[in-house]
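See below for the structure under consideration.
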Amino acid sequence: MTITADYWDDFPEWCSRCQQEKPASEFAYEARRGLQPWCRKCKTEYTRERRRLLREGQEGHDFPPIGSGISQVEWQEISEPERQQIRHVYGIAD
Ligand SMILES: [Zn+2]
């Protein structure tokens, strides 16, 4: 069976960042990991914000790693040692 964008639209996905249900075609799909937990719009915003922080020399340490499924709100409540572990799991070494 061939999987098309229309096929995915029949299965709405929950974006863990903007907390909205969106058609699956709004999500990036990676063959290795499947549908991403954030919609394309959130990923774009995340990338833009991260770039801005990097440019200002603040580094993006206050953002949950992409793919972790952790929302910004949840991330703020995680202690720094735990954050470091999570970053390590997602390949963001300090
Ligand atoms: Zn979103």
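Every chain in the structure tokens takes a letter, A first, then B, and so on in the order presented; its residues are numbered from 1, and the ligands are numbered from 1 following the presented order.
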
Please provide as a JSON list (two decimals) with N, CA and C atoms, in the first residue's frame all residues within 12 Å of Asp62 (chain A), with the sequence filter that same-chain residues fewer than 2 positions apart are discarded (counting only C-alpha atoms).
```
[["chain", "number", "residue", "atom", "x", "y", "z"],
["A", 46, "TYR", "N", 10.32, 26.84, 16.67],
["A", 46, "TYR", "CA", 11.39, 26.39, 17.56],
["A", 46, "TYR", "C", 12.76, 26.70, 16.95],
["A", 49, "GLU", "N", 13.41, 30.50, 16.94],
["A", 49, "GLU", "CA", 13.70, 31.01, 18.28],
["A", 49, "GLU", "C", 15.08, 30.57, 18.74],
["A", 50, "ARG", "N", 15.41, 29.33, 18.45],
["A", 50, "ARG", "CA", 16.71, 28.80, 18.85],
["A", 50, "ARG", "C", 17.84, 29.56, 18.15],
["A", 53, "LEU", "N", 18.32, 32.92, 19.80],
["A", 53, "LEU", "CA", 19.04, 32.82, 21.07],
["A", 53, "LEU", "C", 20.52, 32.56, 20.84],
["A", 54, "LEU", "N", 20.81, 31.71, 19.87],
["A", 54, "LEU", "CA", 22.21, 31.42, 19.56],
["A", 54, "LEU", "C", 22.91, 32.68, 19.10],
["A", 58, "GLN", "N", 22.83, 33.39, 23.85],
["A", 58, "GLN", "CA", 22.17, 32.83, 25.02],
["A", 58, "GLN", "C", 22.06, 31.31, 24.97],
["A", 59, "GLU", "N", 22.38, 30.74, 23.80],
["A", 59, "GLU", "CA", 22.28, 29.28, 23.62],
["A", 59, "GLU", "C", 20.85, 28.82, 23.93],
["A", 60, "GLY", "N", 20.44, 27.75, 23.29],
["A", 60, "GLY", "CA", 19.04, 27.33, 23.42],
["A", 60, "GLY", "C", 18.78, 26.35, 24.55],
["A", 64, "PRO", "N", 13.05, 22.32, 25.23],
["A", 64, "PRO", "CA", 13.11, 20.86, 25.22],
["A", 64, "PRO", "C", 13.64, 20.36, 23.89],
["A", 65, "PRO", "N", 14.41, 19.26, 23.88],
["A", 65, "PRO", "CA", 14.96, 18.76, 22.62],
["A", 65, "PRO", "C", 13.85, 18.33, 21.67],
["A", 70, "ILE", "N", 8.43, 16.64, 24.97],
["A", 70, "ILE", "CA", 8.27, 17.45, 26.18],
["A", 70, "ILE", "C", 7.84, 18.85, 25.77],
["A", 71, "SER", "N", 6.77, 19.34, 26.39],
["A", 71, "SER", "CA", 6.31, 20.69, 26.06],
["A", 71, "SER", "C", 7.18, 21.72, 26.77],
["A", 72, "GLN", "N", 7.10, 22.95, 26.29],
["A", 72, "GLN", "CA", 7.86, 24.04, 26.90],
["A", 72, "GLN", "C", 7.50, 24.19, 28.39],
["A", 73, "VAL", "N", 6.22, 24.05, 28.70],
["A", 73, "VAL", "CA", 5.75, 24.18, 30.08],
["A", 73, "VAL", "C", 6.35, 23.09, 30.96],
["A", 74, "GLU", "N", 6.33, 21.85, 30.45],
["A", 74, "GLU", "CA", 6.89, 20.73, 31.22],
["A", 74, "GLU", "C", 8.39, 20.92, 31.43],
["A", 75, "TRP", "N", 9.04, 21.40, 30.38],
["A", 75, "TRP", "CA", 10.49, 21.60, 30.42],
["A", 75, "TRP", "C", 10.90, 22.55, 31.54],
["A", 76, "GLN", "N", 10.08, 23.60, 31.72],
["A", 76, "GLN", "CA", 10.39, 24.59, 32.75],
["A", 76, "GLN", "C", 10.35, 23.98, 34.15],
["A", 77, "GLU", "N", 9.60, 22.87, 34.30],
["A", 77, "GLU", "CA", 9.42, 22.27, 35.63],
["A", 77, "GLU", "C", 10.43, 21.15, 35.91],
["A", 78, "ILE", "N", 11.26, 20.85, 34.92],
["A", 78, "ILE", "CA", 12.25, 19.79, 35.08],
["A", 78, "ILE", "C", 13.52, 20.41, 35.67],
["A", 79, "SER", "N", 14.12, 19.70, 36.63],
["A", 79, "SER", "CA", 15.33, 20.23, 37.26],
["A", 79, "SER", "C", 16.51, 20.17, 36.28],
["A", 80, "GLU", "N", 17.50, 21.00, 36.52],
["A", 80, "GLU", "CA", 18.64, 21.10, 35.60],
["A", 80, "GLU", "C", 19.38, 19.76, 35.42],
["A", 83, "ARG", "N", 17.37, 17.75, 33.08],
["A", 83, "ARG", "CA", 17.45, 18.32, 31.72],
["A", 83, "ARG", "C", 18.72, 17.86, 31.03],
["A", 84, "GLN", "N", 19.82, 17.86, 31.79],
["A", 84, "GLN", "CA", 21.09, 17.44, 31.20],
["A", 84, "GLN", "C", 21.03, 16.00, 30.73],
["A", 87, "ARG", "N", 18.89, 15.95, 27.56],
["A", 87, "ARG", "CA", 19.67, 16.47, 26.43],
["A", 87, "ARG", "C", 20.65, 15.41, 25.94]]
```

Within-7 Å residues of ligand 1, basis only C-alpha atoms and all ligand atoms, as a PDB file with C-alpha atoms, in the first residue's frame:
```pdb
ATOM      1  CA  CYS A  15       0.960  18.348  18.698  1.00  0.00           C
ATOM      2  CA  SER A  16       2.655  18.246  22.093  1.00  0.00           C
ATOM      3  CA  ARG A  17       3.961  21.795  21.698  1.00  0.00           C
ATOM      4  CA  CYS A  18       0.976  23.919  20.639  1.00  0.00           C
ATOM      5  CA  GLN A  19      -1.463  21.465  22.250  1.00  0.00           C
ATOM      6  CA  GLN A  20      -3.686  21.233  19.205  1.00  0.00           C
ATOM      7  CA  TRP A  38       5.558  18.569  16.834  1.00  0.00           C
ATOM      8  CA  CYS A  39       3.714  20.058  13.867  1.00  0.00           C
ATOM      9  CA  ARG A  40       5.691  21.786  11.129  1.00  0.00           C
ATOM     10  CA  LYS A  41       4.671  25.232  12.371  1.00  0.00           C
ATOM     11  CA  CYS A  42       6.013  24.528  15.878  1.00  0.00           C
TER      12      CYS A  42
END
```

Measuring atom to atom with only C-alpha atoms, identify which of A:Glu13, A:Lys43, A:Tyr90, A:Gly67 is nearest to Ser25 (chain A).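 Closest to Ser25 (chain A) of all the choices is A:Glu13.
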
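The two atoms in question, CA of Tyr29 (chain A) and CA of Gln85 (chain A), are spaced 25.8 Å apart.
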
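Of the listed residues A:Gly91, A:Lys22, A:Phe11, A:Thr47, the one whose atoms come nearest to Phe63 (chain A) is A:Thr47, with distances taken using only C-alpha atoms.
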
Pick from A:Ala31, A:Ile66, A:Ile86, A:Ala24 nearest to Glu45 (chain A), counting only C-alpha atoms: A:Ile66
